[in-house]
Amino acid sequence: MNKTKLALMGGVPAVSIPAPGWPISGELEVAWMEGVVRSGQWSWLGPHERAFCSEFAQFIGCRYALLLCNGTVTLQCALQAVGVKPGEEVIVPALTWVATLQAALDIGARAVVVDIDRETYCLDPKAAEKAITSRTKAIIPVHLYGCMADMDAITSLAKKYSLKIVEDVAHQHGSRWKNKGAGSLGDAGSFSFQQSKVLTCGEGGAITCNEEEVYQKAFCLKHVGWKPDLATPGNHYGHNYRMTEMQAVLLRGGLRRLPEHLKIREENAARLAEGMKKLNGPVRTARRDERVTRQSYYALTLHYDQKKALGLLRNQYLAALAAEGFPLGTPYLPVYRHPLLNLYDETSPVPYREKEGIQKYRELLLPVTEQVVEKEGLVLMHQHLLGPKEYLDQLLLAMAKVNDNLTRVKNYFQKIKGEEK
């Protein structure tokens with residue numbers, strides 16, 4: 001068999017080792033789960049939920065943590081808990097999952113979308129500062145994929161303009177900025193435990209914070225108005241955003257594995273970064289900020305250079321890599337035009353807001369975000385970073401194989417295009 005022939009053209013794929021599976025569970029969770037089922041206490045702040053909140057707060061390095069049913073309502077409740085009111089503005093980055101924008105809109109706030117940093121794909125502090133008005137109340141830095149937002153610059157902005165910071169930490173369980181945990185750097189942190197996340201219970205979320213007032217208010221908002229003692233009404237407009245004991249069991253098990261997983265992912269991300277640098281091809285990893293003292297990877301953030309790929313389109317390069325067994329993906333679509341968030345449908349709050357002052361999302365065209373989404377951005381999901389050295393070596397071999405045959409790949413797609421005509 002010809003192992004040098006591109007798999008795209010009928011050759012043998014470079015990657016033969018199966019990709020690591022996700023999610024991961026163990027016998028401890030199975031035993032705990034049986035105990036919960038037999039106990040009859042399946043919700044309402046059971047012993048596993050209490051234990052996880054304590055363990056997670058210690059892991060992050062904050063005073064308080066509380067569990068909610070998903071990572072969208074964590075953003076909503078966190079924004080309300082830090083004092084955001086209807087009509088006030090919340091700054092969000094243009095490249096994020098739809099929930100970040102949705103959360104602000106759904107509590108009656110005005111979501112103001114700003115451009116991103118070209119290297120990290122996270123919120124650009126300079127773009128954020130230009131967007132600040134007298135109505136601005138909060139800013140949501142999203143620590144995206146395998147990078148953290150510039151928390152020094154964002155903290156300075158918050159102090160200068162008296163803004164609240166709600167960190168979106170859905171991708172960064174365990175990251176540390178100058179040795180402080182992501183989720184403890186602002187006024188509140190919002191985590192997601194959806195199945196794709198590095199700490200997961202299928203669905204779920206958490207809020208972290210250091211101020212008791214924020215904790216008390218967030219707890220009332222998620223636990224039908226009760227204070228944490230479950231005996232005193234909190235005088236807030238509460239919701240039922242509770243999590244179950246079964247989910248807390250999965251989180252406690254996952255949290256025990258997380259430190260080791262973080263270590264493995266960091267080591268393997270560095271291995272891939274060095275390997276790609278030696279290949280000197282069209283793909284490189286995002287440069288790591290030296291202030292990030294531990295990096296959690298929901299995905300490895302990558303850059304694609306079409307010029308170094310001899311003009312080969314990104315999707316064509318990805319197709320050639322995928323055929324070899326290297327499954328790179330692309331970033332989210334810009335949040336202001338994501339098809340899953342139809343901002344002008346009758347089910348959206350946007351058509352019913354005052355027309356003056358609200359951002360015209362359908363007219364937005366933020367240049368860095370557009371460049372990253374359409375041409376430059378790439379991601380490798382975190383489970384691949386848990387693979388053995390031999391698996392990583394095969395990924396790099398696959399990339400080298402495609403890089404050495406860029407002209408052939410280009411001609412292959414040109415031929416297909418010609419045949420389609």
# chains A, B, ... in the order shown; residues from 1 in each chain; ligands from 1
>>> residues_around(residues="range 226-243 of chain A", least_positions_apart="5", cutoff="12 Å", atoms="only C-alpha atoms", output="PyMOL selection string")
chain A and resi 42-46+48-50+52-53+64-77+80-81+107+193+201-207+212-221+248-251
>>> residues_around(residues="range 263-275 of chain A", least_positions_apart="5", cutoff="7 Å", atoms="only C-alpha atoms", output="list in words")
Arg284, Thr285, Gln295, Tyr297, Leu385, Leu386 and Leu396 of chain A
>>> closest_atom_pairs(of="range 140-169 of chain A", to="range 95-104 of chain A", cutoff="10 Å", atoms="only C-alpha atoms", output="Markdown table")
| residue | atom | partner | partner_atom | distance |
| --- | --- | --- | --- | --- |
| A:Ile140 | CA | A:Thr100 | CA | 7.9 |
| A:Pro141 | CA | A:Thr100 | CA | 9.7 |
| A:Val142 | CA | A:Thr96 | CA | 7.0 |
| A:His143 | CA | A:Thr96 | CA | 9.2 |
| A:Leu144 | CA | A:Thr96 | CA | 7.3 |
| A:Tyr145 | CA | A:Thr96 | CA | 9.6 |
| A:Asp168 | CA | A:Thr100 | CA | 7.6 |
>>> write_last_selection(atoms="C-alpha atoms", output="compact mmCIF listing (two decimals), in the first residue's frame")
# COMPACT_ATOMS: atom_id res chain seq x y z
CA ILE A 140 -18.08 39.70 29.55
CA PRO A 141 -14.58 38.53 28.66
CA VAL A 142 -14.90 35.10 27.04
CA HIS A 143 -11.84 32.91 27.57
CA LEU A 144 -12.17 31.17 24.23
CA TYR A 145 -10.91 27.76 23.04
CA ASP A 168 -17.39 33.47 30.60
>>> closest_residue(among="A:Leu313, A:Val402, A:Ala299, A:Ile91", to="Glu374 in chain A", atoms="only C-alpha atoms")
A:Leu313
>>> select_by_dssp(residues="range 61-146 of chain A", states="strand (DSSP E or B)", output="list in words")
Tyr64, Ala65, Leu66, Leu67, Leu68, Glu89, Val90, Ile91, Val92, Pro93, Arg110, Ala111, Val112, Val113, Val114, Ile116, Leu123, Thr136, Lys137, Ala138, Ile139 and Val142 of chain A
>>> write_last_selection(atoms="N, CA and C atoms", output="PDB file, in the first residue's frame")
ATOM      1  N   TYR A  64     -16.950  31.282  46.801  1.00  0.00           N
ATOM      2  CA  TYR A  64     -18.253  30.650  46.607  1.00  0.00           C
ATOM      3  C   TYR A  64     -18.356  30.005  45.221  1.00  0.00           C
ATOM      4  N   ALA A  65     -19.091  28.904  45.164  1.00  0.00           N
ATOM      5  CA  ALA A  65     -19.488  28.282  43.904  1.00  0.00           C
ATOM      6  C   ALA A  65     -20.880  27.711  44.083  1.00  0.00           C
ATOM      7  N   LEU A  66     -21.707  27.825  43.073  1.00  0.00           N
ATOM      8  CA  LEU A  66     -23.046  27.242  43.122  1.00  0.00           C
ATOM      9  C   LEU A  66     -23.381  26.646  41.765  1.00  0.00           C
ATOM     10  N   LEU A  67     -24.148  25.560  41.794  1.00  0.00           N
ATOM     11  CA  LEU A  67     -24.488  24.823  40.584  1.00  0.00           C
ATOM     12  C   LEU A  67     -25.850  25.221  40.041  1.00  0.00           C
ATOM     13  N   LEU A  68     -25.934  25.323  38.707  1.00  0.00           N
ATOM     14  CA  LEU A  68     -27.174  25.624  38.013  1.00  0.00           C
ATOM     15  C   LEU A  68     -27.379  24.620  36.884  1.00  0.00           C
ATOM     16  N   GLU A  89     -26.151  48.429  29.362  1.00  0.00           N
ATOM     17  CA  GLU A  89     -25.384  47.782  28.301  1.00  0.00           C
ATOM     18  C   GLU A  89     -24.358  46.802  28.863  1.00  0.00           C
ATOM     19  N   VAL A  90     -24.219  45.692  28.147  1.00  0.00           N
ATOM     20  CA  VAL A  90     -23.230  44.668  28.475  1.00  0.00           C
ATOM     21  C   VAL A  90     -22.382  44.428  27.226  1.00  0.00           C
ATOM     22  N   ILE A  91     -21.076  44.573  27.347  1.00  0.00           N
ATOM     23  CA  ILE A  91     -20.175  44.383  26.213  1.00  0.00           C
ATOM     24  C   ILE A  91     -19.791  42.915  26.098  1.00  0.00           C
ATOM     25  N   VAL A  92     -19.950  42.352  24.889  1.00  0.00           N
ATOM     26  CA  VAL A  92     -19.612  40.950  24.636  1.00  0.00           C
ATOM     27  C   VAL A  92     -18.759  40.866  23.370  1.00  0.00           C
ATOM     28  N   PRO A  93     -17.891  39.849  23.267  1.00  0.00           N
ATOM     29  CA  PRO A  93     -17.084  39.693  22.058  1.00  0.00           C
ATOM     30  C   PRO A  93     -17.889  39.112  20.908  1.00  0.00           C
ATOM     31  N   ARG A 110     -28.924  45.563  27.088  1.00  0.00           N
ATOM     32  CA  ARG A 110     -28.511  45.782  25.702  1.00  0.00           C
ATOM     33  C   ARG A 110     -27.148  45.119  25.513  1.00  0.00           C
ATOM     34  N   ALA A 111     -27.075  44.164  24.618  1.00  0.00           N
ATOM     35  CA  ALA A 111     -25.806  43.497  24.338  1.00  0.00           C
ATOM     36  C   ALA A 111     -25.068  44.280  23.257  1.00  0.00           C
ATOM     37  N   VAL A 112     -23.865  44.731  23.570  1.00  0.00           N
ATOM     38  CA  VAL A 112     -23.053  45.500  22.633  1.00  0.00           C
ATOM     39  C   VAL A 112     -21.891  44.617  22.189  1.00  0.00           C
ATOM     40  N   VAL A 113     -21.863  44.284  20.909  1.00  0.00           N
ATOM     41  CA  VAL A 113     -20.877  43.345  20.371  1.00  0.00           C
ATOM     42  C   VAL A 113     -19.651  44.107  19.869  1.00  0.00           C
ATOM     43  N   VAL A 114     -18.457  43.631  20.266  1.00  0.00           N
ATOM     44  CA  VAL A 114     -17.218  44.285  19.838  1.00  0.00           C
ATOM     45  C   VAL A 114     -16.271  43.259  19.221  1.00  0.00           C
ATOM     46  N   ILE A 116     -12.597  41.258  18.171  1.00  0.00           N
ATOM     47  CA  ILE A 116     -11.738  40.372  18.950  1.00  0.00           C
ATOM     48  C   ILE A 116     -10.258  40.640  18.676  1.00  0.00           C
ATOM     49  N   LEU A 123     -11.958  38.722  23.358  1.00  0.00           N
ATOM     50  CA  LEU A 123     -12.374  40.121  23.306  1.00  0.00           C
ATOM     51  C   LEU A 123     -11.177  41.062  23.263  1.00  0.00           C
ATOM     52  N   THR A 136     -23.169  51.723  29.906  1.00  0.00           N
ATOM     53  CA  THR A 136     -22.452  50.458  30.050  1.00  0.00           C
ATOM     54  C   THR A 136     -22.329  50.075  31.520  1.00  0.00           C
ATOM     55  N   LYS A 137     -22.722  48.845  31.827  1.00  0.00           N
ATOM     56  CA  LYS A 137     -22.704  48.363  33.207  1.00  0.00           C
ATOM     57  C   LYS A 137     -21.704  47.232  33.401  1.00  0.00           C
ATOM     58  N   ALA A 138     -21.536  46.380  32.389  1.00  0.00           N
ATOM     59  CA  ALA A 138     -20.709  45.186  32.577  1.00  0.00           C
ATOM     60  C   ALA A 138     -20.015  44.801  31.280  1.00  0.00           C
ATOM     61  N   ILE A 139     -19.017  43.964  31.438  1.00  0.00           N
ATOM     62  CA  ILE A 139     -18.273  43.432  30.305  1.00  0.00           C
ATOM     63  C   ILE A 139     -18.087  41.932  30.528  1.00  0.00           C
ATOM     64  N   VAL A 142     -14.759  36.543  27.292  1.00  0.00           N
ATOM     65  CA  VAL A 142     -14.901  35.104  27.040  1.00  0.00           C
ATOM     66  C   VAL A 142     -13.510  34.517  26.839  1.00  0.00           C
TER      67      VAL A 142
END
>>> residues_around(residues="range 174-179 of chain A", least_positions_apart="5", cutoff="6 Å", atoms="only C-alpha atoms", output="JSON, numbers by chain")
{"A": [291, 292, 293, 294, 295, 296]}
>>> write_last_selection(atoms="C-alpha atoms", output="CSV table (one decimal), in the first residue's frame")
chain,number,residue,atom,x,y,z
A,291,ARG,CA,0.7,35.8,32.1
A,292,VAL,CA,-1.3,32.6,31.6
A,293,THR,CA,0.3,30.3,34.3
A,294,ARG,CA,-1.9,27.4,33.5
A,295,GLN,CA,-3.9,26.9,30.3
A,296,SER,CA,-7.0,24.7,30.1
>>> closest_residue(among="A:Lys415, A:Gly254, A:Pro367, A:Ala286", to="Ile24 in chain A", atoms="only C-alpha atoms")
A:Gly254
>>> residues_around(residues="Leu365 in chain A", least_positions_apart="4", cutoff="12 Å", atoms="only C-alpha atoms", output="number ranges by chain")
A: 94, 113-115, 334-337, 360-361, 369-371, 373
>>> atom_distance(atom1="CA of Tyr352 in chain A", atom2="CA of Glu88 in chain A")
15.6 Å
>>> closest_residue(among="A:Ala188, A:Asp289, A:Tyr161, A:Gly281", to="Ala149 in chain A", atoms="only C-alpha atoms")
A:Asp289
>>> select_by_dssp(residues="range 12-139 of chain A", states="helix (DSSP H, G or I)", output="PyMOL selection string")
chain A and resi 27-39+47-60+73-81+98-106+125-131
>>> atom_distance(atom1="CA of Leu8 in chain A", atom2="CA of Gly329 in chain A")
17.3 Å
>>> closest_residue(among="A:Leu300, A:Ile60, A:Arg118, A:Leu199", to="Leu185 in chain A", atoms="only C-alpha atoms")
A:Ile60
>>> closest_residue(among="A:Val198, A:Thr120, A:Val82, A:Thr244", to="Asn210 in chain A", atoms="only C-alpha atoms")
A:Val82
>>> residues_around(residues="Leu378 in chain A", least_positions_apart="3", cutoff="7 Å", atoms="only C-alpha atoms", output="number ranges by chain")
A: 301-304, 328-331
>>> write_last_selection(atoms="N, CA and C atoms", output="PDB file, in the first residue's frame")
ATOM      1  N   THR A 301      -6.249  26.554  20.021  1.00  0.00           N
ATOM      2  CA  THR A 301      -6.484  27.662  19.102  1.00  0.00           C
ATOM      3  C   THR A 301      -5.380  27.696  18.051  1.00  0.00           C
ATOM      4  N   LEU A 302      -5.788  27.701  16.776  1.00  0.00           N
ATOM      5  CA  LEU A 302      -4.847  27.626  15.671  1.00  0.00           C
ATOM      6  C   LEU A 302      -5.098  28.725  14.647  1.00  0.00           C
ATOM      7  N   HIS A 303      -4.045  29.049  13.899  1.00  0.00           N
ATOM      8  CA  HIS A 303      -4.121  30.040  12.822  1.00  0.00           C
ATOM      9  C   HIS A 303      -3.754  29.393  11.491  1.00  0.00           C
ATOM     10  N   TYR A 304      -4.523  29.717  10.453  1.00  0.00           N
ATOM     11  CA  TYR A 304      -4.261  29.214   9.107  1.00  0.00           C
ATOM     12  C   TYR A 304      -3.816  30.354   8.211  1.00  0.00           C
ATOM     13  N   LEU A 328      -9.372  18.723  12.252  1.00  0.00           N
ATOM     14  CA  LEU A 328      -9.444  20.122  12.680  1.00  0.00           C
ATOM     15  C   LEU A 328     -10.817  20.696  12.356  1.00  0.00           C
ATOM     16  N   GLY A 329     -11.238  21.665  13.187  1.00  0.00           N
ATOM     17  CA  GLY A 329     -12.506  22.343  12.957  1.00  0.00           C
ATOM     18  C   GLY A 329     -12.310  23.835  12.816  1.00  0.00           C
ATOM     19  N   THR A 330     -13.390  24.529  12.578  1.00  0.00           N
ATOM     20  CA  THR A 330     -13.362  25.984  12.440  1.00  0.00           C
ATOM     21  C   THR A 330     -14.082  26.635  13.618  1.00  0.00           C
ATOM     22  N   PRO A 331     -13.838  27.936  13.853  1.00  0.00           N
ATOM     23  CA  PRO A 331     -14.463  28.596  15.005  1.00  0.00           C
ATOM     24  C   PRO A 331     -15.970  28.792  14.824  1.00  0.00           C
TER      25      PRO A 331
END
>>> atom_distance(atom1="CA of Ala319 in chain A", atom2="CA of Pro339 in chain A")
23.4 Å
>>> residues_around(residues="Lys197 in chain A", least_positions_apart="2", cutoff="8 Å", atoms="only C-alpha atoms", output="number ranges by chain")
A: 170-171, 192-195, 199-200, 298
>>> write_last_selection(atoms="C-alpha atoms", output="PDB file, in the first residue's frame")
ATOM      1  CA  ALA A 170     -17.127  27.791  29.689  1.00  0.00           C
ATOM      2  CA  HIS A 171     -13.890  26.843  27.877  1.00  0.00           C
ATOM      3  CA  SER A 192     -20.636  25.350  31.484  1.00  0.00           C
ATOM      4  CA  PHE A 193     -20.611  21.591  32.098  1.00  0.00           C
ATOM      5  CA  GLN A 194     -22.244  20.630  28.802  1.00  0.00           C
ATOM      6  CA  GLN A 195     -21.050  17.298  27.400  1.00  0.00           C
ATOM      7  CA  LEU A 199     -15.492  19.040  33.083  1.00  0.00           C
ATOM      8  CA  THR A 200     -18.927  17.726  32.253  1.00  0.00           C
ATOM      9  CA  TYR A 298     -11.444  23.331  25.483  1.00  0.00           C
TER      10      TYR A 298
END
>>> decode(residues="range 94-184 of chain A", atoms="C-alpha atoms", output="compact mmCIF listing (two decimals), in the first residue's frame")
# COMPACT_ATOMS: atom_id res chain seq x y z
CA ALA A 94 -18.17 38.95 18.50
CA LEU A 95 -16.68 35.46 18.56
CA THR A 96 -18.42 33.38 21.20
CA TRP A 97 -21.19 30.84 21.56
CA VAL A 98 -24.67 32.35 21.18
CA ALA A 99 -25.42 32.05 24.92
CA THR A 100 -23.11 34.96 25.79
CA LEU A 101 -25.16 37.41 23.75
CA GLN A 102 -28.44 35.71 24.60
CA ALA A 103 -27.90 35.96 28.34
CA ALA A 104 -27.61 39.74 28.23
CA LEU A 105 -30.63 40.14 25.96
CA ASP A 106 -32.78 37.78 28.01
CA ILE A 107 -32.40 39.81 31.22
CA GLY A 108 -33.42 42.99 29.38
CA ALA A 109 -29.94 44.40 28.92
CA ARG A 110 -28.51 45.78 25.70
CA ALA A 111 -25.81 43.50 24.34
CA VAL A 112 -23.05 45.50 22.63
CA VAL A 113 -20.88 43.35 20.37
CA VAL A 114 -17.22 44.29 19.84
CA ASP A 115 -14.33 42.89 17.80
CA ILE A 116 -11.74 40.37 18.95
CA ASP A 117 -7.99 40.14 19.36
CA ARG A 118 -6.34 38.77 16.22
CA GLU A 119 -4.03 36.38 18.09
CA THR A 120 -6.20 34.92 20.86
CA TYR A 121 -9.69 35.30 19.29
CA CYS A 122 -10.80 36.72 22.67
CA LEU A 123 -12.37 40.12 23.31
CA ASP A 124 -10.19 43.07 22.25
CA PRO A 125 -9.91 45.50 25.22
CA LYS A 126 -9.30 48.47 22.88
CA ALA A 127 -12.46 47.69 20.93
CA ALA A 128 -14.33 47.32 24.22
CA GLU A 129 -13.18 50.71 25.48
CA LYS A 130 -14.41 52.41 22.30
CA ALA A 131 -17.84 50.88 22.88
CA ILE A 132 -18.27 52.11 26.47
CA THR A 133 -21.06 54.64 27.04
CA SER A 134 -22.84 56.11 30.04
CA ARG A 135 -25.20 53.10 29.89
CA THR A 136 -22.45 50.46 30.05
CA LYS A 137 -22.70 48.36 33.21
CA ALA A 138 -20.71 45.19 32.58
CA ILE A 139 -18.27 43.43 30.31
CA ILE A 140 -18.08 39.70 29.55
CA PRO A 141 -14.58 38.53 28.66
CA VAL A 142 -14.90 35.10 27.04
CA HIS A 143 -11.84 32.91 27.57
CA LEU A 144 -12.17 31.17 24.23
CA TYR A 145 -10.91 27.76 23.04
CA GLY A 146 -7.26 27.60 24.18
CA CYS A 147 -6.61 31.23 25.18
CA MET A 148 -7.53 33.65 27.95
CA ALA A 149 -8.70 37.21 27.44
CA ASP A 150 -6.31 39.97 28.58
CA MET A 151 -7.56 40.24 32.14
CA ASP A 152 -5.07 42.97 33.10
CA ALA A 153 -6.44 45.28 30.42
CA ILE A 154 -10.06 44.33 31.12
CA THR A 155 -9.66 44.82 34.87
CA SER A 156 -8.15 48.26 34.20
CA LEU A 157 -11.13 49.14 32.01
CA ALA A 158 -13.54 47.99 34.70
CA LYS A 159 -11.86 50.15 37.32
CA LYS A 160 -11.62 53.17 35.02
CA TYR A 161 -15.30 53.09 34.04
CA SER A 162 -16.82 51.41 37.13
CA LEU A 163 -17.89 48.29 35.23
CA LYS A 164 -18.69 44.82 36.49
CA ILE A 165 -16.82 41.84 35.05
CA VAL A 166 -18.57 38.51 34.45
CA GLU A 167 -16.06 36.02 33.08
CA ASP A 168 -17.39 33.47 30.60
CA VAL A 169 -15.25 30.48 31.62
CA ALA A 170 -17.13 27.79 29.69
CA HIS A 171 -13.89 26.84 27.88
CA GLN A 172 -11.37 27.36 30.65
CA HIS A 173 -11.97 25.12 33.67
CA GLY A 174 -8.66 25.35 35.52
CA SER A 175 -6.88 28.11 33.58
CA ARG A 176 -4.90 30.55 35.71
CA TRP A 177 -3.93 34.16 35.03
CA LYS A 178 -0.87 35.19 37.07
CA ASN A 179 -1.64 32.18 39.27
CA LYS A 180 -5.25 33.23 39.89
CA GLY A 181 -8.01 30.99 38.66
CA ALA A 182 -10.18 31.93 35.71
CA GLY A 183 -13.57 32.54 37.25
CA SER A 184 -12.10 34.32 40.28
